[in-house]
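Visitor: Sharing a structure below in structure tokens format, with a few things to ask.
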Amino acid sequence: MDRKKIEELYHQMLLIRRAEEALQKLFADGAVPGFLHLSIGQEAVPVGVSSQLLERDTVSSNHRGHGHALAKGVGLEPFFAEILGKATGICRGRGGSMHVADLSIGMLGANGIVGAGLPITTGSALALKMQGEGHIAVVYFGDGALAEGVFHECMNMAALWSLPVLFVCENNGWSEFSPTERQLSASLERLAGAFGVSYLAVDGNDAIDVADSASRLIKPMRENPRPGVLECSTTRVRGHFEGDKQDYRESEEVAALGERDPIRKCRQALVAAGVPARWFEEKAAEIDAFIDGAVRAALAAPEPSINEITRDVYTNAELAP
Amino acid sequence: MDRKKIEELYHQMLLIRRAEEALQKLFADGAVPGFLHLSIGQEAVPVGVSSQLLERDTVSSNHRGHGHALAKGVGLEPFFAEILGKATGICRGRGGSMHVADLSIGMLGANGIVGAGLPITTGSALALKMQGEGHIAVVYFGDGALAEGVFHECMNMAALWSLPVLFVCENNGWSEFSPTERQLSASLERLAGAFGVSYLAVDGNDAIDVADSASRLIKPMRENPRPGVLECSTTRVRGHFEGDKQDYRESEEVAALGERDPIRKCRQALVAAGVPARWFEEKAAEIDAFIDGAVRAALAAPEPSINEITRDVYTNAELAP
Amino acid sequence: MVHAINKALHDAMAEDASVFVIGEDIAAAGGSFKATRGLLEKFGPTRVRDAPISEAAITGVAVGAALTGMRPVAEIMFMDFITLSMDMLVNQAAKARSMFGGQGSVPMVVRTPHGGGLNAGPQHSQCLEAWFAHIPGLKVVCPSTPANAYGLLRAAIADPDPVIFVENKALYAVKGDLPDTPAALKLGEANIVRQGRDVTIVAYGATVAMALAAAETLKQDGVEAEVIDLQTIQPWDETLVLDSLTRTHNIVIAHEAVEQFGVGAEIAARMADVGFDELDGPIVRVGAPFAPSPFAKSLERAYRPKADDIVAGVRRSLA
Amino acid sequence: MVHAINKALHDAMAEDASVFVIGEDIAAAGGSFKATRGLLEKFGPTRVRDAPISEAAITGVAVGAALTGMRPVAEIMFMDFITLSMDMLVNQAAKARSMFGGQGSVPMVVRTPHGGGLNAGPQHSQCLEAWFAHIPGLKVVCPSTPANAYGLLRAAIADPDPVIFVENKALYAVKGDLPDTPAALKLGEANIVRQGRDVTIVAYGATVAMALAAAETLKQDGVEAEVIDLQTIQPWDETLVLDSLTRTHNIVIAHEAVEQFGVGAEIAARMADVGFDELDGPIVRVGAPFAPSPFAKSLERAYRPKADDIVAGVRRSLA
Ligand SMILES: Cc1ncc(C[n+]2csc(CCOP(=O)(O)OP(=O)(O)O)c2C)c(N)n1
Ligand SMILES: Cc1ncc(C[n+]2csc(CCOP(=O)(O)OP(=O)(O)O)c2C)c(N)n1
Ligand SMILES: [Mg+2]
Ligand SMILES: [Mg+2]
């Protein structure tokens with residue numbers, strides 16, 4: 001992969017990382033309402049996958065969806081404003097962290113229901129196939145979602161109907177406070193095999209590998225629609241949600257996470273490619289300034305007006321009770 | 001398998017066959033309310049499996065459950081009375097063909113919801129394992145049920161928790177009016193394999209094979225609880241339900257079904273073992289008489305009283321509104 | 001009525017290429033109740049899709065397709081099976097527009113048959129429409145005749161929001177000509193099918209004809225009943241019902257669903273609030289008793305509401 | 001209140017070896033709201049089972065275990081997720097006894113939290129109890145204090161039939177001593193928590209405390225409100241509510257769920273029928289507006305019913 005592309009992957013990952021670090025701080029300050037699930041350590045997956053997507057490709061996501069949204073192109077200020085519950089939020093403050101969506105760029109939403117993105121994406125893929133312009137649909141889900149029945153239903157339908165769905169499993173080894181081995185007795189590879197769906201496993205903390213594998217699956221899908229599964233082994237650095245002390249995890253495991261930091265890995269590749277230290281400093285400064293501005297604007301924005309509550313329940317408002 | 005055992009298999013199959021033929025006639029005469037799904041051609045599966053079950057083992061069934069119920073030991077007269085909607089029915093006429101159950105012998109019910117028997121049986125197996133007396137739970141389901149999400153959820157749980165569940169798939173190649181290949185893109189063998197669940201395939205029209213394979217799976221389960229899958233390829237001779245003209249099936253296919261008749265197959269085995277023609281005549285006469293009596297009694301029974309409608313909604317009746 | 005539903009599907013698909021249908025045995029077999037007959041031949045397997053037995057995915061596929069520019073019409077073979085679709089309908093389809101700040105809509109329809117009369121038993125006869133009426137973001141429609149089945153289904157398919165379109169099985173066989181160019185109706189509007197000054201009977205689906213029959217019986221004791229066909233259950237036409245009550249001062253609500261916590265409860269509750277000063281007698285509801293729908297002929301016959309139950313309800317309200 | 005629920009689970013499991021608990025992250029982690037804390041240590045992994053994220057199977061496993069001699073208590077982490085359990089609850093658990101002719105019972109409990117206050121947004125805040133109250137065969141319970149949470153949960157676990165036990169998240173933090181030997185309560189009985197002659201306020205769960213606060217405000221304008229804590233939503237204590245109405249002649253019903261087609265509709269409808277002659281004013285319901293539960297602080301605060309809304313409702317009913 002050429003250096004410019006890798007620089008872009010690095011840029012995107014750092015943007016997501018810094019954005020989530022900002023959220024982490026805002027949460028600690030009590031500025032973030034509700035639940036906050038951070039994807040720190042998992043940035044390479046959405047960044048690698050999105051590097052292979054077109055604007056009209058669709059993605060759906062789950063509760064840990066900040067990276068998925070930003071990588072697909074959701075604006076930083078409406079993103080922060082949403083998570084802070086502000087009127088200028090991308091969802092006008094009605095959804096929050098678990099519901100960030102931008103339908104104008106095919107981001108069909110984070111989701112509070114584990115597994116719910118699977119059928120939504122399968123349906124989106126069906127629509128895209130019927131529209132016949134070579135677009136595809138991506139669903140990001142965790143290892144925990146593999147236990148939900150809709151996973152099976154959707155693998156079957158996608159295979160049966162040759163739908164252009166990329167199933168991206170972010171396997172971080174945990175479902176909330178339970179390790180995967182206490183949740184699942186099957187391997188995703190063998191499940192995909194049972195449905196005859198092509199499967200690739202990748203180091204989910206290596207953005208270049210993720211991008212390459214994603215492109216190997218996606219390119220043929222555009223010509224000749226069919227599903228694919230990309231299993232990304234990755235690392236949940238923070239707790240299940242902010243406030244989770246992770247006392248159920250071995251300290252060694254947590255300590256070792258740094259070793260697998262996707263951003264560090266990417267930086268090493270860039271350094272090897274001859275990118276000077278100055279570039280990294282400038283990049284960091286640029287991103288920090290960008291995020292600063294967005295956070296400041298989001299914090300300054302007003303809360304939504306309570307007259308908004310019953311708005312948009314129906315599209316044709318005159319029908320609302 | 002010794003001759004007495006085979007004679008018993010033959011007896012059970014013929015009993016189910018004649019009972020369903022009686023129902024077929026009663027339906028044609030307009031005496032059977034609601035939907036009637038006959039299992040003619042599939043009798044070897046429940047008969048073979050039940051030959052390996054103990055009274056406290058449990059079974060749950062689906063919409064095509066007459067054979068499952070009779071093979072587990074549901075009484076013939078309360079069986080007919082239920083399907084005819086009579087007060088003397090095993091369910092007092094409240095359930096009908098799709099809900100025949102006899103909890104006193106662990107028959108947890110036919111079911112009107114495709115796939116619903118799977119979690120019920122998984123839970124029954126969990127209870128039996130906790131009770132620790134070596135009993136097992138069997139679920140009969142069709143190839144169509146393999147598309148339901150609960151199948152996946154239950155395979156996972158049963159494997160994860162080593163539950164004594166025998167998953168018996170009656171693969172007759174059809175889900176209502178659709179052939180299996182338009183319904184499912186996976187093979188049950190590979191799905192079972194993905195969960196590490198032991199799997200056996202068998203000619204579902206050969207009662208001896210079914211009994212042998214069932215015993216190979218069940219015997220170890222009693223010592224050391226764990227799930228197993230038995231896939232029985234079988235033949236739906238009648239329509240999906242009575243009244244279905246099957247115009248969607250090739251006449252050759254329908255014609256060829258007779259070749260695979262499980263009762264004929266079993267008879268051949270008995271003849272080879274030296275059972276005389278007279279035995280078959282006596283058996284047929286005995287069963288016909290038995291069924292005749294049961295049908296006559298069921299027809300003569302009264303319809304349930306309408307005061308029964310709100311009965312048994314709650315166990316503690318004083319709470320009913 | 002099934003011919004009207006079938007024609008509405010044919011016409012909607014012919015008019016709008018983004019409309020497609022999906023469900024179990026709806027294509028080759030034309031549907032369990034033949035509502036989708038002929039669609040496969042006319043529009044092909046891409047737009048008329050036989051699905052595996054996966055109600056959650058069928059419904060979710062409709063949600064995702066609706067979010068991606070299509071207008072799916074999914075069939076759930078019996079309303080009892082919609083229990084497997086609830087997350088997709090309630091947490092996803094119903095909420096997407098509001099939860100995403102009005103960014104988009106979810107133009108999908110789920111057609112599903114409810115009600116008894118076939119001795120299909122406790123898991124093939126339920127009327128669960130009250131559940132969906134409780135969920136902001138869903139619309140709920142239930143036709144009573146071939147003519148309004150056509151007009152309401154066309155309106156439901158054209159509507160930008162998710163619509164649960166409930167078809168009473170016992171009405172499928174009802175014949176009735178359709179005008180050559182039948183009109184789409186407006187969702188949210190009820191219909192006075194009989195005028196009367198003494199009592200208002202609100203009904204929907206199969207109980208509309210019962211209410212009309214009851215009105216004829218009541219006429220013999222000089223009671224003139226006004227019969228309202230609700231047509232849309234959510235949002236329902238409170239204005240029309242209240243206006244009728246202000247003329248009749250008595251109201252009875254009838255549906256096939258279980259009476260307790262059913263659709264009638266909301267209508268009664270609203271009339272006992274905004275219509276309180278107009279009421280001259282108790283609000284009476286007629287519905288199924290608090291029990292699963294039983295199988296046996298004798299039991300199902302007694303279980304389902306009848307015109308006589310409505311007559312008795314009116315008499316009690318006027319007593 | 002969570003300590004009372006936890007104690008009820010401990011005591012029930014200690015008393016009856018057939019009781020076991022199953023759910024997501026309920027064992028090692030002690031549950032998302034810590035209701036099952038300590039059970040794993042005390043009763044071991046066989047009776048305290050962490051399940052995969054499979055709500056349909058978790059619920060179905062409870063049904064099958066209940067039909068096989070056990071008394072499962074399943075936890076569905078948020079009531080919004082019970083949308084995935086509906087077939088097992090509605091078509092299986094609710095109907096088994098009646099549909100099988102009274103052969104057996106399904107002694108299971110599903111515990112699940114409802115309600116807002118955590119800014120958890122549209123898919124983690126819903127109050128769906130009205131759905132279950134509409135289904136013959138299910139019982140629905142919702143405690144309002146630590147004391148009745150203990151007594152009602154013990155009664156639910158001891159009950160032979162399937163019980164949906166709804167816990168309001170905002171009440172989990174409510175402290176309150178329990179008697180050393182707290183008593184089990186009877187399902188189906190409501191409780192007059194404040195006596196008054198002028199108006200009856202019916203509430204359950206989180207709105208009970210609001211109703212009491214409203215009563216104190218109303219006292220200042222000389223209005224004495226009687227407050228009824230429903231405790232059991234299905235079967236609900238119609239006798240007690242009607243008796244109160246016959247003394248107060250006005251009634252207001254308050255719950256956190258969406259007002260339209262909610263639990264309050266049934267209570268209002270019954271009072272507008274059997275209680276009609278007792279009514280001196282409109283029946284007023286207080287509930288959430290017709291919209292998904294919004295995320296933002298300002299929005300959720302305004303969305304959730306408050307004591308002032310109950311005060312306003314009472315004033316409107318008495319006006
Ligand atoms: C249907 C449903 N069940 C349970 C939950 C609660 N829950 C939220 S996240 C989560 C664990 C998900 O694990 P995984 O899919 O691996 O994603 P991760 O958090 O590891 O990124 C659970 C159980 C939910 N939101 N939805
Ligand atoms: C959840 C659910 N979906 C759909 C149906 C309608 N239905 C009844 S039987 C059937 C086909 C089942 O096929 P299979 O499981 O192979 O059993 P078979 O009829 O072949 O014995 C369908 C779709 C149902 N009863 N329940
Ligand atoms: Mg995970
Ligand atoms: Mg089949």
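Every chain in the structure tokens takes a letter, A first, then B, and so on in the order presented; its residues are numbered from 1, and the ligands are numbered from 1 following the presented order.
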Show me, as an mmCIF file with all heavy atoms, in the first residue's frame, the residues of chain B whose atoms get within 8 Å of chain A, using only C-alpha atoms for the distance check.

Guide:
data_model
loop_
_atom_site.group_PDB
_atom_site.id
_atom_site.type_symbol
_atom_site.label_atom_id
_atom_site.label_comp_id
_atom_site.auth_asym_id
_atom_site.auth_seq_id
_atom_site.Cartn_x
_atom_site.Cartn_y
_atom_site.Cartn_z
ATOM 1 N N ALA B 147 -33.858 -22.459 9.351
ATOM 2 C CA ALA B 147 -33.645 -21.036 9.016
ATOM 3 C C ALA B 147 -33.975 -20.108 10.176
ATOM 4 O O ALA B 147 -33.629 -18.922 10.136
ATOM 5 C CB ALA B 147 -34.494 -20.654 7.795
ATOM 6 N N GLU B 148 -34.630 -20.606 11.207
ATOM 7 C CA GLU B 148 -35.002 -19.749 12.336
ATOM 8 C C GLU B 148 -33.804 -19.492 13.249
ATOM 9 O O GLU B 148 -33.038 -20.407 13.560
ATOM 10 C CB GLU B 148 -36.126 -20.400 13.159
ATOM 11 C CG GLU B 148 -37.491 -20.400 12.472
ATOM 12 C CD GLU B 148 -38.203 -19.045 12.517
ATOM 13 O OE1 GLU B 148 -37.607 -18.031 12.934
ATOM 14 O OE2 GLU B 148 -39.386 -19.022 12.105
ATOM 15 N N GLY B 149 -33.704 -18.267 13.721
ATOM 16 C CA GLY B 149 -32.590 -17.890 14.581
ATOM 17 C C GLY B 149 -32.473 -18.723 15.844
ATOM 18 O O GLY B 149 -31.354 -18.984 16.317
ATOM 19 N N VAL B 150 -33.583 -19.161 16.407
ATOM 20 C CA VAL B 150 -33.491 -19.934 17.648
ATOM 21 C C VAL B 150 -32.724 -21.239 17.454
ATOM 22 O O VAL B 150 -32.139 -21.753 18.404
ATOM 23 C CB VAL B 150 -34.864 -20.244 18.302
ATOM 24 C CG1 VAL B 150 -35.440 -19.009 18.951
ATOM 25 C CG2 VAL B 150 -35.819 -20.870 17.301
ATOM 26 N N PHE B 151 -32.704 -21.760 16.251
ATOM 27 C CA PHE B 151 -31.911 -22.972 16.017
ATOM 28 C C PHE B 151 -30.450 -22.692 16.391
ATOM 29 O O PHE B 151 -29.820 -23.449 17.132
ATOM 30 C CB PHE B 151 -32.021 -23.427 14.556
ATOM 31 C CG PHE B 151 -30.993 -24.455 14.188
ATOM 32 C CD1 PHE B 151 -31.135 -25.771 14.583
ATOM 33 C CD2 PHE B 151 -29.847 -24.087 13.491
ATOM 34 C CE1 PHE B 151 -30.161 -26.721 14.286
ATOM 35 C CE2 PHE B 151 -28.870 -25.017 13.186
ATOM 36 C CZ PHE B 151 -29.025 -26.334 13.585
ATOM 37 N N HIS B 152 -29.943 -21.601 15.894
ATOM 38 C CA HIS B 152 -28.553 -21.203 16.155
ATOM 39 C C HIS B 152 -28.334 -20.942 17.646
ATOM 40 O O HIS B 152 -27.371 -21.422 18.249
ATOM 41 C CB HIS B 152 -28.270 -19.948 15.327
ATOM 42 C CG HIS B 152 -26.973 -19.267 15.586
ATOM 43 N ND1 HIS B 152 -25.802 -19.645 14.988
ATOM 44 C CD2 HIS B 152 -26.668 -18.198 16.376
ATOM 45 C CE1 HIS B 152 -24.831 -18.829 15.383
ATOM 46 N NE2 HIS B 152 -25.323 -17.953 16.234
ATOM 47 N N GLU B 153 -29.242 -20.198 18.248
ATOM 48 C CA GLU B 153 -29.093 -19.871 19.671
ATOM 49 C C GLU B 153 -29.061 -21.140 20.524
ATOM 50 O O GLU B 153 -28.276 -21.248 21.478
ATOM 51 C CB GLU B 153 -30.226 -18.945 20.128
ATOM 52 C CG GLU B 153 -30.205 -17.585 19.443
ATOM 53 C CD GLU B 153 -31.222 -16.595 20.020
ATOM 54 O OE1 GLU B 153 -31.948 -16.936 20.985
ATOM 55 O OE2 GLU B 153 -31.293 -15.462 19.492
ATOM 56 N N ASN B 156 -25.910 -23.320 20.084
ATOM 57 C CA ASN B 156 -24.819 -22.716 20.834
ATOM 58 C C ASN B 156 -24.933 -23.014 22.326
ATOM 59 O O ASN B 156 -23.981 -23.465 22.962
ATOM 60 C CB ASN B 156 -24.807 -21.206 20.587
ATOM 61 C CG ASN B 156 -23.644 -20.515 21.268
ATOM 62 O OD1 ASN B 156 -22.513 -20.984 21.223
ATOM 63 N ND2 ASN B 156 -23.937 -19.406 21.942
ATOM 64 N N MET B 157 -26.128 -22.788 22.873
ATOM 65 C CA MET B 157 -26.303 -23.014 24.320
ATOM 66 C C MET B 157 -26.115 -24.476 24.682
ATOM 67 O O MET B 157 -25.476 -24.803 25.684
ATOM 68 C CB MET B 157 -27.699 -22.589 24.760
ATOM 69 C CG MET B 157 -27.776 -21.147 25.148
ATOM 70 S SD MET B 157 -29.361 -20.872 25.964
ATOM 71 C CE MET B 157 -29.331 -19.080 25.933
ATOM 72 N N ALA B 159 -24.384 -26.722 23.206
ATOM 73 C CA ALA B 159 -22.974 -27.109 23.114
ATOM 74 C C ALA B 159 -22.176 -26.468 24.248
ATOM 75 O O ALA B 159 -21.386 -27.128 24.923
ATOM 76 C CB ALA B 159 -22.407 -26.696 21.759
ATOM 77 N N LEU B 160 -22.452 -25.178 24.473
ATOM 78 C CA LEU B 160 -21.702 -24.426 25.483
ATOM 79 C C LEU B 160 -21.884 -25.042 26.865
ATOM 80 O O LEU B 160 -20.954 -25.109 27.666
ATOM 81 C CB LEU B 160 -22.232 -22.990 25.464
ATOM 82 C CG LEU B 160 -21.408 -21.869 26.061
ATOM 83 C CD1 LEU B 160 -20.082 -21.702 25.328
ATOM 84 C CD2 LEU B 160 -22.207 -20.563 25.980
ATOM 85 N N ARG B 182 -34.306 -23.657 -1.714
ATOM 86 C CA ARG B 182 -34.650 -22.232 -1.802
ATOM 87 C C ARG B 182 -34.792 -21.603 -0.417
ATOM 88 O O ARG B 182 -35.135 -20.422 -0.282
ATOM 89 C CB ARG B 182 -35.939 -22.037 -2.619
ATOM 90 C CG ARG B 182 -35.688 -22.195 -4.116
ATOM 91 C CD ARG B 182 -36.729 -21.473 -4.970
ATOM 92 N NE ARG B 182 -37.929 -22.277 -5.158
ATOM 93 C CZ ARG B 182 -39.121 -21.969 -4.621
ATOM 94 N NH1 ARG B 182 -39.283 -20.906 -3.865
ATOM 95 N NH2 ARG B 182 -40.165 -22.756 -4.846
ATOM 96 N N GLN B 183 -34.545 -22.397 0.618
ATOM 97 C CA GLN B 183 -34.746 -21.932 1.990
ATOM 98 C C GLN B 183 -33.443 -21.850 2.774
ATOM 99 O O GLN B 183 -33.329 -21.061 3.707
ATOM 100 C CB GLN B 183 -35.674 -22.916 2.722
ATOM 101 C CG GLN B 183 -37.048 -23.025 2.119
ATOM 102 C CD GLN B 183 -37.986 -22.010 2.704
ATOM 103 O OE1 GLN B 183 -38.132 -21.903 3.909
ATOM 104 N NE2 GLN B 183 -38.599 -21.209 1.850
ATOM 105 N N LEU B 184 -32.503 -22.705 2.431
ATOM 106 C CA LEU B 184 -31.329 -22.849 3.290
ATOM 107 C C LEU B 184 -30.072 -22.967 2.443
ATOM 108 O O LEU B 184 -30.037 -23.737 1.484
ATOM 109 C CB LEU B 184 -31.490 -24.111 4.145
ATOM 110 C CG LEU B 184 -30.491 -24.270 5.281
ATOM 111 C CD1 LEU B 184 -30.797 -23.255 6.385
ATOM 112 C CD2 LEU B 184 -30.524 -25.686 5.836
ATOM 113 N N SER B 185 -29.058 -22.192 2.824
ATOM 114 C CA SER B 185 -27.802 -22.252 2.065
ATOM 115 C C SER B 185 -26.717 -23.018 2.824
ATOM 116 O O SER B 185 -25.582 -23.067 2.384
ATOM 117 C CB SER B 185 -27.318 -20.838 1.755
ATOM 118 O OG SER B 185 -27.120 -20.137 2.967
ATOM 119 N N ALA B 186 -27.072 -23.560 3.964
ATOM 120 C CA ALA B 186 -26.081 -24.306 4.759
ATOM 121 C C ALA B 186 -26.505 -25.764 4.861
ATOM 122 O O ALA B 186 -27.660 -26.104 4.636
ATOM 123 C CB ALA B 186 -25.986 -23.716 6.160
ATOM 124 N N SER B 187 -25.545 -26.629 5.214
ATOM 125 C CA SER B 187 -25.912 -28.011 5.503
ATOM 126 C C SER B 187 -25.933 -28.158 7.025
ATOM 127 O O SER B 187 -25.121 -27.550 7.733
ATOM 128 C CB SER B 187 -24.895 -28.984 4.903
ATOM 129 O OG SER B 187 -23.762 -29.068 5.748
ATOM 130 N N ARG B 190 -22.644 -29.347 8.524
ATOM 131 C CA ARG B 190 -21.589 -28.347 8.739
ATOM 132 C C ARG B 190 -21.956 -27.384 9.858
ATOM 133 O O ARG B 190 -21.077 -26.909 10.584
ATOM 134 C CB ARG B 190 -21.289 -27.622 7.431
ATOM 135 C CG ARG B 190 -20.730 -28.592 6.382
ATOM 136 C CD ARG B 190 -20.530 -27.941 5.037
ATOM 137 N NE ARG B 190 -19.399 -27.010 5.067
ATOM 138 C CZ ARG B 190 -19.073 -26.230 4.024
ATOM 139 N NH1 ARG B 190 -19.799 -26.257 2.924
ATOM 140 N NH2 ARG B 190 -18.030 -25.417 4.113
ATOM 141 N N LEU B 191 -23.242 -27.104 10.013
ATOM 142 C CA LEU B 191 -23.640 -26.245 11.142
ATOM 143 C C LEU B 191 -23.334 -26.943 12.463
ATOM 144 O O LEU B 191 -22.740 -26.354 13.371
ATOM 145 C CB LEU B 191 -25.127 -25.897 11.045
ATOM 146 C CG LEU B 191 -25.507 -24.896 9.952
ATOM 147 C CD1 LEU B 191 -27.022 -24.819 9.778
ATOM 148 C CD2 LEU B 191 -24.939 -23.510 10.269
ATOM 149 N N GLY B 193 -21.172 -29.204 12.946
ATOM 150 C CA GLY B 193 -19.720 -29.228 13.062
ATOM 151 C C GLY B 193 -19.168 -27.916 13.589
ATOM 152 O O GLY B 193 -18.243 -27.898 14.407
ATOM 153 N N ALA B 194 -19.764 -26.809 13.140
ATOM 154 C CA ALA B 194 -19.265 -25.506 13.585
ATOM 155 C C ALA B 194 -19.391 -25.359 15.094
ATOM 156 O O ALA B 194 -18.588 -24.689 15.742
ATOM 157 C CB ALA B 194 -20.027 -24.392 12.873
ATOM 158 N N PHE B 195 -20.391 -26.007 15.667
ATOM 159 C CA PHE B 195 -20.586 -25.930 17.125
ATOM 160 C C PHE B 195 -19.921 -27.118 17.834
ATOM 161 O O PHE B 195 -20.047 -27.261 19.051
ATOM 162 C CB PHE B 195 -22.078 -25.915 17.461
ATOM 163 C CG PHE B 195 -22.772 -24.640 17.084
ATOM 164 C CD1 PHE B 195 -23.531 -24.557 15.919
ATOM 165 C CD2 PHE B 195 -22.658 -23.510 17.876
ATOM 166 C CE1 PHE B 195 -24.170 -23.377 15.568
ATOM 167 C CE2 PHE B 195 -23.299 -22.325 17.538
ATOM 168 C CZ PHE B 195 -24.051 -22.265 16.371
ATOM 169 N N GLY B 196 -19.265 -27.975 17.080
ATOM 170 C CA GLY B 196 -18.635 -29.133 17.685
ATOM 171 C C GLY B 196 -19.650 -30.111 18.259
ATOM 172 O O GLY B 196 -19.374 -30.808 19.240
#

Visitor: Using only C-alpha atoms, which residues sit within 10 Å of Lys219 in chain B once same-chain residues fewer than 4 positions away are excluded, as a VMD selection string?

Guide: chain B and resid 52 to 53 134 136 214 to 215 223 to 225

Visitor: Create the file for the chosen residues now, containing N, CA and C atoms and written as a tab-separated table (two decimals), in the first residue's frame.

Guide:
chain	number	residue	atom	x	y	z
B	52	GLN	N	-35.68	-45.61	21.79
B	52	GLN	CA	-34.49	-45.42	22.63
B	52	GLN	C	-34.78	-44.52	23.84
B	53	LEU	N	-36.04	-44.13	24.03
B	53	LEU	CA	-36.35	-43.17	25.09
B	53	LEU	C	-36.96	-43.83	26.31
B	134	GLY	N	-29.91	-38.73	34.40
B	134	GLY	CA	-29.56	-39.35	33.13
B	134	GLY	C	-30.64	-39.27	32.06
B	136	ILE	N	-32.80	-37.39	29.01
B	136	ILE	CA	-32.46	-36.50	27.89
B	136	ILE	C	-33.73	-35.88	27.30
B	214	ALA	N	-29.91	-43.31	16.69
B	214	ALA	CA	-30.39	-42.61	17.89
B	214	ALA	C	-29.71	-43.20	19.12
B	215	SER	N	-29.62	-44.49	19.17
B	215	SER	CA	-29.03	-45.09	20.37
B	215	SER	C	-27.53	-44.76	20.45
B	223	GLU	N	-24.78	-40.80	30.16
B	223	GLU	CA	-23.65	-40.86	31.12
B	223	GLU	C	-23.10	-39.47	31.30
B	224	ASN	N	-22.95	-38.83	30.16
B	224	ASN	CA	-22.10	-37.64	30.13
B	224	ASN	C	-22.78	-36.67	29.19
B	225	PRO	N	-23.66	-35.84	29.80
B	225	PRO	CA	-24.58	-35.00	29.02
B	225	PRO	C	-23.86	-34.16	27.97

Visitor: So that each row is one residue of chain D with an atom at most 7 Å from chain C, can you give its shortest atom pair and the distance in Å to one decimal, using only C-alpha atoms, rows by chain and rising number, as CSV?

Guide:
residue,atom,partner,partner_atom,distance
D:Thr83,CA,C:Asp87,CA,4.9
D:Leu84,CA,C:Asp87,CA,6.0
D:Met86,CA,C:Thr83,CA,5.0
D:Asp87,CA,C:Thr83,CA,4.9
D:Asn91,CA,C:Gln123,CA,6.0
D:Lys95,CA,C:Pro292,CA,6.5
D:Met99,CA,C:Pro122,CA,6.9
D:Pro122,CA,C:Met99,CA,6.9
D:Gln123,CA,C:Asn91,CA,6.0
D:Ala130,CA,C:Phe261,CA,6.9
D:Trp131,CA,C:Trp131,CA,5.5
D:Ala133,CA,C:Phe261,CA,6.5
D:His134,CA,C:Phe261,CA,4.9
D:Pro136,CA,C:Ala291,CA,5.0
D:Gln260,CA,C:His134,CA,5.9
D:Phe261,CA,C:His134,CA,4.9
D:Gly262,CA,C:His134,CA,6.5
D:Val263,CA,C:Phe261,CA,6.9
D:Ala265,CA,C:Glu266,CA,5.0
D:Glu266,CA,C:Ala265,CA,5.0
D:Ala268,CA,C:Ala269,CA,5.1
D:Ala269,CA,C:Ala269,CA,5.1
D:Ala272,CA,C:Ile283,CA,5.6
D:Asp273,CA,C:Pro282,CA,4.5
D:Phe276,CA,C:Pro282,CA,5.2
D:Pro282,CA,C:Asp273,CA,4.5
D:Ile283,CA,C:Asp273,CA,4.9
D:Val284,CA,C:Asp273,CA,5.8
D:Phe290,CA,C:Pro136,CA,5.5
D:Ala291,CA,C:Pro136,CA,5.0
D:Pro292,CA,C:Pro136,CA,6.2

Visitor: Using only C-alpha atoms, find which residues of chain C lie within 6 Å of chain A and jot them down as a list in words.

Guide: Ala57, Gly60, Val61, Ala62, Val63, Gly64, Ala65, Thr68, Ser98, Met99, Phe100, Gly101, Gly102 and Gly137 of chain C

Visitor: Please write out the residues within 6 Å of ligand 4 as number ranges by chain, counting only C-alpha atoms and all ligand atoms.

Guide: B: 142-144, 171-175

Visitor: Mind checking DSSP for range 45-229 of chain B and telling me the strand (DSSP E or B) residues as an MDAnalysis selection string?

Guide: chainID B and resid 58:60 102 107 137:142 165:171 174:175 178:179 198:203 228:229

Visitor: Please determine, counting only C-alpha atoms and all ligand atoms, which residue among A:Glu43, A:Asp261, A:Glu286, A:Glu170 has the shortest atom-to-atom distance to ligand 3.

Guide: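 Smallest distance to ligand 3 is found for A:Glu170.
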
Visitor: Taking 2 positions as the minimum chain separation for residues in the same chain, which residues sit within 12 Å of Ala214 in chain C when counting only C-alpha atoms? Answer as a ChimeraX atom specification.

Guide: /C:194,199-201,203,207-212,216-221,223-227,252,254,305-315

Visitor: May I have a table of the residues of chain C lying at most 7 Å from ligand 2, giving each one's closest pair of atoms and their distance in Å to one decimal, counting only C-alpha atoms and all ligand atoms, ordered by chain and ascending residue number, as a tab-separated table?

Guide:
residue	atom	partner	partner_atom_place_in_ligand_line	distance
C:Glu24	CA	ligand 2	23 (C)	6.4
C:Ile53	CA	ligand 2	3 (N)	5.6
C:Glu55	CA	ligand 2	1 (C)	6.8
C:Met77	CA	ligand 2	4 (C)	6.4
C:Phe81	CA	ligand 2	1 (C)	5.1
